[in-house]
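Engineer: Next up, final12.cif (mmCIF, C-alpha atoms, pLDDT in the B column; chains and numbers go by the auth columns).
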data_coords
loop_
_atom_site.group_PDB
_atom_site.id
_atom_site.type_symbol
_atom_site.label_atom_id
_atom_site.label_comp_id
_atom_site.label_asym_id
_atom_site.label_seq_id
_atom_site.Cartn_x
_atom_site.Cartn_y
_atom_site.Cartn_z
_atom_site.B_iso_or_equiv
_atom_site.auth_seq_id
_atom_site.auth_asym_id
ATOM 1 C CA MET A 1 -36.412 139.410 -154.592 50.00 1 A
ATOM 2 C CA ARG A 2 -37.205 142.511 -152.620 58.00 2 A
ATOM 3 C CA THR A 3 -39.839 142.620 -149.873 68.00 3 A
ATOM 4 C CA VAL A 4 -40.716 145.553 -147.671 70.00 4 A
ATOM 5 C CA ASP A 5 -42.746 145.177 -144.499 74.00 5 A
ATOM 6 C CA PHE A 6 -45.061 148.155 -143.967 70.00 6 A
ATOM 7 C CA THR A 7 -46.415 146.843 -140.641 75.00 7 A
ATOM 8 C CA PRO A 8 -44.511 149.395 -138.482 76.00 8 A
ATOM 9 C CA LEU A 9 -45.940 152.222 -140.583 72.00 9 A
ATOM 10 C CA TYR A 10 -49.494 150.887 -140.201 70.00 10 A
ATOM 11 C CA ARG A 11 -49.053 150.940 -136.408 72.00 11 A
ATOM 12 C CA SER A 12 -48.084 154.606 -136.251 74.00 12 A
ATOM 13 C CA SER A 13 -50.091 156.268 -139.025 74.00 13 A
ATOM 14 C CA VAL A 14 -53.728 156.779 -139.929 79.00 14 A
ATOM 15 C CA GLY A 15 -55.213 157.451 -143.358 75.00 15 A
ATOM 16 C CA PHE A 16 -52.218 156.411 -145.464 72.00 16 A
ATOM 17 C CA ASP A 17 -53.651 153.035 -146.483 72.00 17 A
ATOM 18 C CA ARG A 18 -53.871 153.978 -150.157 71.00 18 A
ATOM 19 C CA LEU A 19 -50.238 155.106 -150.203 75.00 19 A
ATOM 20 C CA PHE A 20 -49.051 151.837 -148.656 73.00 20 A
ATOM 21 C CA ASP A 21 -51.170 149.859 -151.120 74.00 21 A
ATOM 22 C CA LEU A 22 -49.572 151.785 -154.006 73.00 22 A
ATOM 23 C CA LEU A 23 -46.095 150.973 -152.700 75.00 23 A
ATOM 24 C CA GLU A 24 -46.921 147.286 -152.299 74.00 24 A
ATOM 25 C CA ASN A 25 -48.464 147.088 -155.785 70.00 25 A
ATOM 26 C CA ALA A 26 -45.453 148.847 -157.299 68.00 26 A
ATOM 27 C CA SER A 27 -43.030 146.386 -155.742 64.00 27 A
ATOM 28 C CA ARG A 28 -45.162 143.456 -156.939 65.00 28 A
ATOM 29 C CA SER A 29 -45.419 144.749 -160.502 59.00 29 A
ATOM 30 C CA ASP A 30 -41.629 145.267 -160.642 53.00 30 A
ATOM 31 C CA GLN A 31 -41.168 141.602 -159.794 49.00 31 A
ATOM 32 C CA LYS A 32 -43.557 140.504 -162.554 53.00 32 A
ATOM 33 C CA GLY A 33 -41.366 142.158 -165.191 47.00 33 A
ATOM 34 C CA GLY A 34 -44.285 143.832 -166.955 64.00 34 A
ATOM 35 C CA GLY A 35 -42.383 145.447 -169.777 81.00 35 A
ATOM 36 C CA TYR A 36 -44.925 144.977 -172.547 89.00 36 A
ATOM 37 C CA PRO A 37 -45.932 147.185 -174.153 93.00 37 A
ATOM 38 C CA PRO A 38 -43.288 149.862 -173.577 94.00 38 A
ATOM 39 C CA TYR A 39 -44.544 153.293 -172.526 96.00 39 A
ATOM 40 C CA ASN A 40 -43.495 156.819 -171.534 96.00 40 A
ATOM 41 C CA ILE A 41 -45.013 159.095 -168.892 96.00 41 A
ATOM 42 C CA GLU A 42 -44.369 162.764 -169.551 96.00 42 A
ATOM 43 C CA ALA A 43 -45.168 165.930 -167.575 95.00 43 A
ATOM 44 C CA LEU A 44 -46.276 168.499 -170.156 96.00 44 A
ATOM 45 C CA ASP A 45 -46.669 171.244 -167.549 94.00 45 A
ATOM 46 C CA LYS A 46 -47.680 171.615 -163.898 92.00 46 A
ATOM 47 C CA ASN A 47 -51.164 170.099 -164.318 92.00 47 A
ATOM 48 C CA ARG A 48 -50.980 168.178 -167.623 96.00 48 A
ATOM 49 C CA TYR A 49 -49.452 164.761 -168.293 97.00 49 A
ATOM 50 C CA GLN A 50 -49.226 162.368 -171.217 98.00 50 A
ATOM 51 C CA ILE A 51 -48.831 158.599 -171.266 97.00 51 A
ATOM 52 C CA THR A 52 -47.571 157.278 -174.599 98.00 52 A
ATOM 53 C CA ILE A 53 -47.812 153.526 -175.203 97.00 53 A
ATOM 54 C CA ALA A 54 -46.204 151.713 -178.150 95.00 54 A
ATOM 55 C CA VAL A 55 -49.043 149.642 -179.602 94.00 55 A
ATOM 56 C CA ALA A 56 -47.612 148.642 -182.979 90.00 56 A
ATOM 57 C CA GLY A 57 -49.868 146.209 -184.782 88.00 57 A
ATOM 58 C CA PHE A 58 -53.047 147.152 -182.899 92.00 58 A
ATOM 59 C CA ALA A 59 -55.956 148.806 -184.685 92.00 59 A
ATOM 60 C CA GLU A 60 -58.036 151.450 -182.925 94.00 60 A
ATOM 61 C CA ASN A 61 -60.941 149.024 -182.451 94.00 61 A
ATOM 62 C CA GLU A 62 -58.609 146.527 -180.713 94.00 62 A
ATOM 63 C CA LEU A 63 -57.692 149.008 -177.953 96.00 63 A
ATOM 64 C CA GLU A 64 -59.756 149.859 -174.891 97.00 64 A
ATOM 65 C CA ILE A 65 -59.103 152.698 -172.430 97.00 65 A
ATOM 66 C CA GLN A 66 -61.035 152.656 -169.178 96.00 66 A
ATOM 67 C CA SER A 67 -60.844 155.105 -166.297 93.00 67 A
ATOM 68 C CA GLU A 68 -62.176 153.814 -162.994 87.00 68 A
ATOM 69 C CA SER A 69 -61.775 155.776 -159.727 83.00 69 A
ATOM 70 C CA ASN A 70 -58.006 156.256 -159.393 88.00 70 A
ATOM 71 C CA LYS A 71 -56.957 153.764 -162.053 91.00 71 A
ATOM 72 C CA LEU A 72 -56.418 153.990 -165.766 96.00 72 A
ATOM 73 C CA VAL A 73 -56.623 150.622 -167.518 96.00 73 A
ATOM 74 C CA VAL A 74 -55.435 150.213 -171.112 97.00 74 A
ATOM 75 C CA ARG A 75 -56.149 146.915 -172.844 96.00 75 A
ATOM 76 C CA GLY A 76 -55.152 145.629 -176.233 95.00 76 A
ATOM 77 C CA LYS A 77 -56.850 142.563 -177.657 94.00 77 A
ATOM 78 C CA HIS A 78 -56.122 141.364 -181.170 87.00 78 A
ATOM 79 C CA ALA A 79 -59.068 140.253 -183.232 79.00 79 A
ATOM 80 C CA ASP A 80 -59.011 136.536 -183.881 74.00 80 A
ATOM 81 C CA ASP A 81 -56.766 135.974 -186.873 68.00 81 A
ATOM 82 C CA SER A 82 -57.598 132.606 -188.383 67.00 82 A
ATOM 83 C CA GLU A 83 -54.784 132.961 -190.902 75.00 83 A
ATOM 84 C CA THR A 84 -51.762 130.886 -189.915 81.00 84 A
ATOM 85 C CA ARG A 85 -48.458 132.467 -190.739 81.00 85 A
ATOM 86 C CA ASN A 86 -45.088 130.873 -191.279 88.00 86 A
ATOM 87 C CA TYR A 87 -42.653 133.261 -189.578 87.00 87 A
ATOM 88 C CA LEU A 88 -38.951 132.810 -190.159 92.00 88 A
ATOM 89 C CA TYR A 89 -38.394 135.308 -187.342 92.00 89 A
ATOM 90 C CA GLN A 90 -41.035 137.079 -185.255 85.00 90 A
ATOM 91 C CA GLY A 91 -39.629 140.131 -183.481 85.00 91 A
ATOM 92 C CA ILE A 92 -42.870 142.106 -183.255 81.00 92 A
ATOM 93 C CA ALA A 93 -44.905 141.006 -180.269 78.00 93 A
ATOM 94 C CA ALA A 94 -48.455 140.114 -181.228 77.00 94 A
ATOM 95 C CA ARG A 95 -49.877 139.373 -177.818 87.00 95 A
ATOM 96 C CA ASN A 96 -52.743 140.889 -175.890 92.00 96 A
ATOM 97 C CA PHE A 97 -51.973 143.163 -172.971 94.00 97 A
ATOM 98 C CA GLU A 98 -53.432 145.005 -170.015 95.00 98 A
ATOM 99 C CA ARG A 99 -51.538 147.939 -168.529 93.00 99 A
ATOM 100 C CA VAL A 100 -52.793 149.594 -165.309 92.00 100 A
ATOM 101 C CA PHE A 101 -51.737 153.068 -164.160 93.00 101 A
ATOM 102 C CA GLU A 102 -52.532 154.449 -160.703 90.00 102 A
ATOM 103 C CA LEU A 103 -53.803 158.026 -160.914 92.00 103 A
ATOM 104 C CA ALA A 104 -53.530 160.629 -158.182 89.00 104 A
ATOM 105 C CA ASP A 105 -56.628 162.245 -156.766 86.00 105 A
ATOM 106 C CA HIS A 106 -58.202 164.810 -159.106 89.00 106 A
ATOM 107 C CA VAL A 107 -56.412 163.487 -162.217 93.00 107 A
ATOM 108 C CA ARG A 108 -58.748 162.703 -165.102 92.00 108 A
ATOM 109 C CA VAL A 109 -58.313 161.436 -168.654 95.00 109 A
ATOM 110 C CA ASP A 110 -58.766 164.303 -171.095 94.00 110 A
ATOM 111 C CA SER A 111 -58.284 162.648 -174.497 96.00 111 A
ATOM 112 C CA ALA A 112 -56.522 159.878 -176.417 97.00 112 A
ATOM 113 C CA GLN A 113 -55.075 159.638 -179.923 97.00 113 A
ATOM 114 C CA LEU A 114 -53.584 156.760 -181.916 97.00 114 A
ATOM 115 C CA LYS A 115 -50.971 157.849 -184.435 96.00 115 A
ATOM 116 C CA ASN A 116 -48.099 155.939 -186.051 94.00 116 A
ATOM 117 C CA GLY A 117 -48.434 152.991 -183.659 93.00 117 A
ATOM 118 C CA LEU A 118 -48.308 155.200 -180.541 97.00 118 A
ATOM 119 C CA LEU A 119 -51.302 155.630 -178.257 97.00 119 A
ATOM 120 C CA ALA A 120 -51.121 159.021 -176.523 98.00 120 A
ATOM 121 C CA ILE A 121 -53.376 159.489 -173.480 98.00 121 A
ATOM 122 C CA ASN A 122 -53.638 163.035 -172.137 97.00 122 A
ATOM 123 C CA LEU A 123 -54.302 163.557 -168.438 96.00 123 A
ATOM 124 C CA VAL A 124 -55.254 166.715 -166.544 96.00 124 A
ATOM 125 C CA LYS A 125 -55.015 167.423 -162.843 93.00 125 A
ATOM 126 C CA GLU A 126 -58.010 169.528 -161.789 89.00 126 A
ATOM 127 C CA ILE A 127 -57.744 170.690 -158.205 83.00 127 A
ATOM 128 C CA PRO A 128 -61.170 171.640 -156.790 81.00 128 A
ATOM 129 C CA GLU A 129 -61.549 175.285 -155.908 81.00 129 A
ATOM 130 C CA ALA A 130 -62.131 174.414 -152.247 80.00 130 A
ATOM 131 C CA MET A 131 -58.618 172.904 -152.105 77.00 131 A
ATOM 132 C CA GLN A 132 -56.819 175.718 -153.930 77.00 132 A
ATOM 133 C CA PRO A 133 -54.903 178.318 -151.924 82.00 133 A
ATOM 134 C CA ARG A 134 -56.853 181.475 -151.164 83.00 134 A
ATOM 135 C CA LYS A 135 -55.962 184.828 -149.694 86.00 135 A
ATOM 136 C CA ILE A 136 -57.419 185.806 -146.376 87.00 136 A
ATOM 137 C CA ALA A 137 -58.210 189.474 -145.932 89.00 137 A
ATOM 138 C CA ILE A 138 -56.938 191.129 -142.758 92.00 138 A
ATOM 139 C CA ASN A 139 -59.576 193.273 -141.067 84.00 139 A
#
Could you spell out this file's structure in structure tokens?
Structural biologist:
Amino acid sequence: MRTVDFTPLYRSSVGFDRLFDLLENASRSDQKGGGYPPYNIEALDKNRYQITIAVAGFAENELEIQSESNKLVVRGKHADDSETRNYLYQGIAARNFERVFELADHVRVDSAQLKNGLLAINLVKEIPEAMQPRKIAIN
């Protein structure tokens, strides 16, 4: 078990609350062992990213993608299957899930596709013009 005390950092810094919260949440989620469903996070270029989640066995209408402030929440909920099955071996997980991703400022969800049991979510970082570097003319 790994615990980190951020108290000394809180005493000497201002405005980094969100960063400390992200670090604390990351250490907590590592301890939970949240490995289902497996996923990849890929940088496509400087301002484009893709999260690919393995959602084998889920239909499109059983998946929900929600973007709220700086969080991306992906949920999978199987429709009630009244049919009882007699598995000799069940290696494919058939459980519901909720996966939460923390997004940086100015990152938004662009699109999502479900193909061959993989849910691909495309993200774009859009830096506002006021925050982009600009040249200053010398008079």
Engineer: Measure the distance from CA of Phe16 in chain A to CA of Val74 in chain A in Å and round it to one decimal.
Structural biologist: 26.6 Å
Engineer: Quick one: axis-aligned box around all listed atoms of range 34-39 of chain A, 5 Å on every side, centre and edge lengths in Å to one decimal, written as AutoDock Vina command-line options.
Structural biologist:
--center_x -44.2 --center_y 148.6 --center_z -170.6 --size_x 13.5 --size_y 19.5 --size_z 17.2
Engineer: I'd like to see the residues matched by the PyMOL selection byres ((chain A and resi 120-131) around 10) on this file, and ideally I'd get them as a PyMOL selection string.
Structural biologist: chain A and resi 39-54+65+72+74+103-115+117-119+132-134
Engineer: With C-alpha atoms retained, could you export that selection as a PDB file, in the coordinates of the input?
Structural biologist:
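Ended up saving to part-v1.pdb:
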ATOM      1  CA  TYR A  39     -44.544 153.293-172.526  1.00 96.00           C
ATOM      2  CA  ASN A  40     -43.495 156.819-171.534  1.00 96.00           C
ATOM      3  CA  ILE A  41     -45.013 159.095-168.892  1.00 96.00           C
ATOM      4  CA  GLU A  42     -44.369 162.764-169.551  1.00 96.00           C
ATOM      5  CA  ALA A  43     -45.168 165.930-167.575  1.00 95.00           C
ATOM      6  CA  LEU A  44     -46.276 168.499-170.156  1.00 96.00           C
ATOM      7  CA  ASP A  45     -46.669 171.244-167.549  1.00 94.00           C
ATOM      8  CA  LYS A  46     -47.680 171.615-163.898  1.00 92.00           C
ATOM      9  CA  ASN A  47     -51.164 170.099-164.318  1.00 92.00           C
ATOM     10  CA  ARG A  48     -50.980 168.178-167.623  1.00 96.00           C
ATOM     11  CA  TYR A  49     -49.452 164.761-168.293  1.00 97.00           C
ATOM     12  CA  GLN A  50     -49.226 162.368-171.217  1.00 98.00           C
ATOM     13  CA  ILE A  51     -48.831 158.599-171.266  1.00 97.00           C
ATOM     14  CA  THR A  52     -47.571 157.278-174.599  1.00 98.00           C
ATOM     15  CA  ILE A  53     -47.812 153.526-175.203  1.00 97.00           C
ATOM     16  CA  ALA A  54     -46.204 151.713-178.150  1.00 95.00           C
ATOM     17  CA  ILE A  65     -59.103 152.698-172.430  1.00 97.00           C
ATOM     18  CA  LEU A  72     -56.418 153.990-165.766  1.00 96.00           C
ATOM     19  CA  VAL A  74     -55.435 150.213-171.112  1.00 97.00           C
ATOM     20  CA  LEU A 103     -53.803 158.026-160.914  1.00 92.00           C
ATOM     21  CA  ALA A 104     -53.530 160.629-158.182  1.00 89.00           C
ATOM     22  CA  ASP A 105     -56.628 162.245-156.766  1.00 86.00           C
ATOM     23  CA  HIS A 106     -58.202 164.810-159.106  1.00 89.00           C
ATOM     24  CA  VAL A 107     -56.412 163.487-162.217  1.00 93.00           C
ATOM     25  CA  ARG A 108     -58.748 162.703-165.102  1.00 92.00           C
ATOM     26  CA  VAL A 109     -58.313 161.436-168.654  1.00 95.00           C
ATOM     27  CA  ASP A 110     -58.766 164.303-171.095  1.00 94.00           C
ATOM     28  CA  SER A 111     -58.284 162.648-174.497  1.00 96.00           C
ATOM     29  CA  ALA A 112     -56.522 159.878-176.417  1.00 97.00           C
ATOM     30  CA  GLN A 113     -55.075 159.638-179.923  1.00 97.00           C
ATOM     31  CA  LEU A 114     -53.584 156.760-181.916  1.00 97.00           C
ATOM     32  CA  LYS A 115     -50.971 157.849-184.435  1.00 96.00           C
ATOM     33  CA  GLY A 117     -48.434 152.991-183.659  1.00 93.00           C
ATOM     34  CA  LEU A 118     -48.308 155.200-180.541  1.00 97.00           C
ATOM     35  CA  LEU A 119     -51.302 155.630-178.257  1.00 97.00           C
ATOM     36  CA  GLN A 132     -56.819 175.718-153.930  1.00 77.00           C
ATOM     37  CA  PRO A 133     -54.903 178.318-151.924  1.00 82.00           C
ATOM     38  CA  ARG A 134     -56.853 181.475-151.164  1.00 83.00           C
TER      39      ARG A 134
END
Engineer: Counting all atoms listed in the file, what are the residues of range 97-122 of chain A within 10 Å of range 76-79 of chain A, and for each of them which pair of atoms is the nearest and at what distance in Å, to one decimal? Sort the table by chain and rising number, as a tab-separated table.
Structural biologist:
residue	atom	partner	partner_atom	distance
A:Phe97	CA	A:Gly76	CA	5.2
A:Glu98	CA	A:Gly76	CA	6.5
A:Arg99	CA	A:Gly76	CA	8.8
Engineer: Which residue is closest to Asn25 in chain A? Choose from A:Ala94, A:Phe101, A:Ile138, A:Thr84 and count all atoms listed in the file.
Structural biologist: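 Of the candidates, the smallest distance to Asn25 in chain A is held by A:Phe101.
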Engineer: May I ask for the distance between CA of Val100 in chain A and CA of Val73 in chain A, given in Å to one decimal place?
Structural biologist: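 Computing it gives 4.5 Å between the two atoms.
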Engineer: Find the distance between CA of Leu88 in chain A and CA of Asn116 in chain A and write it in Å to one decimal.
Structural biologist: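 So the answer is 25.2 Å.
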Engineer: Select, from A:Glu102, A:Tyr10, A:Gly15, A:Tyr89, the residue with the minimum atom-to-atom distance to Glu68 in chain A, counting only C-alpha atoms.
Structural biologist: A:Glu102
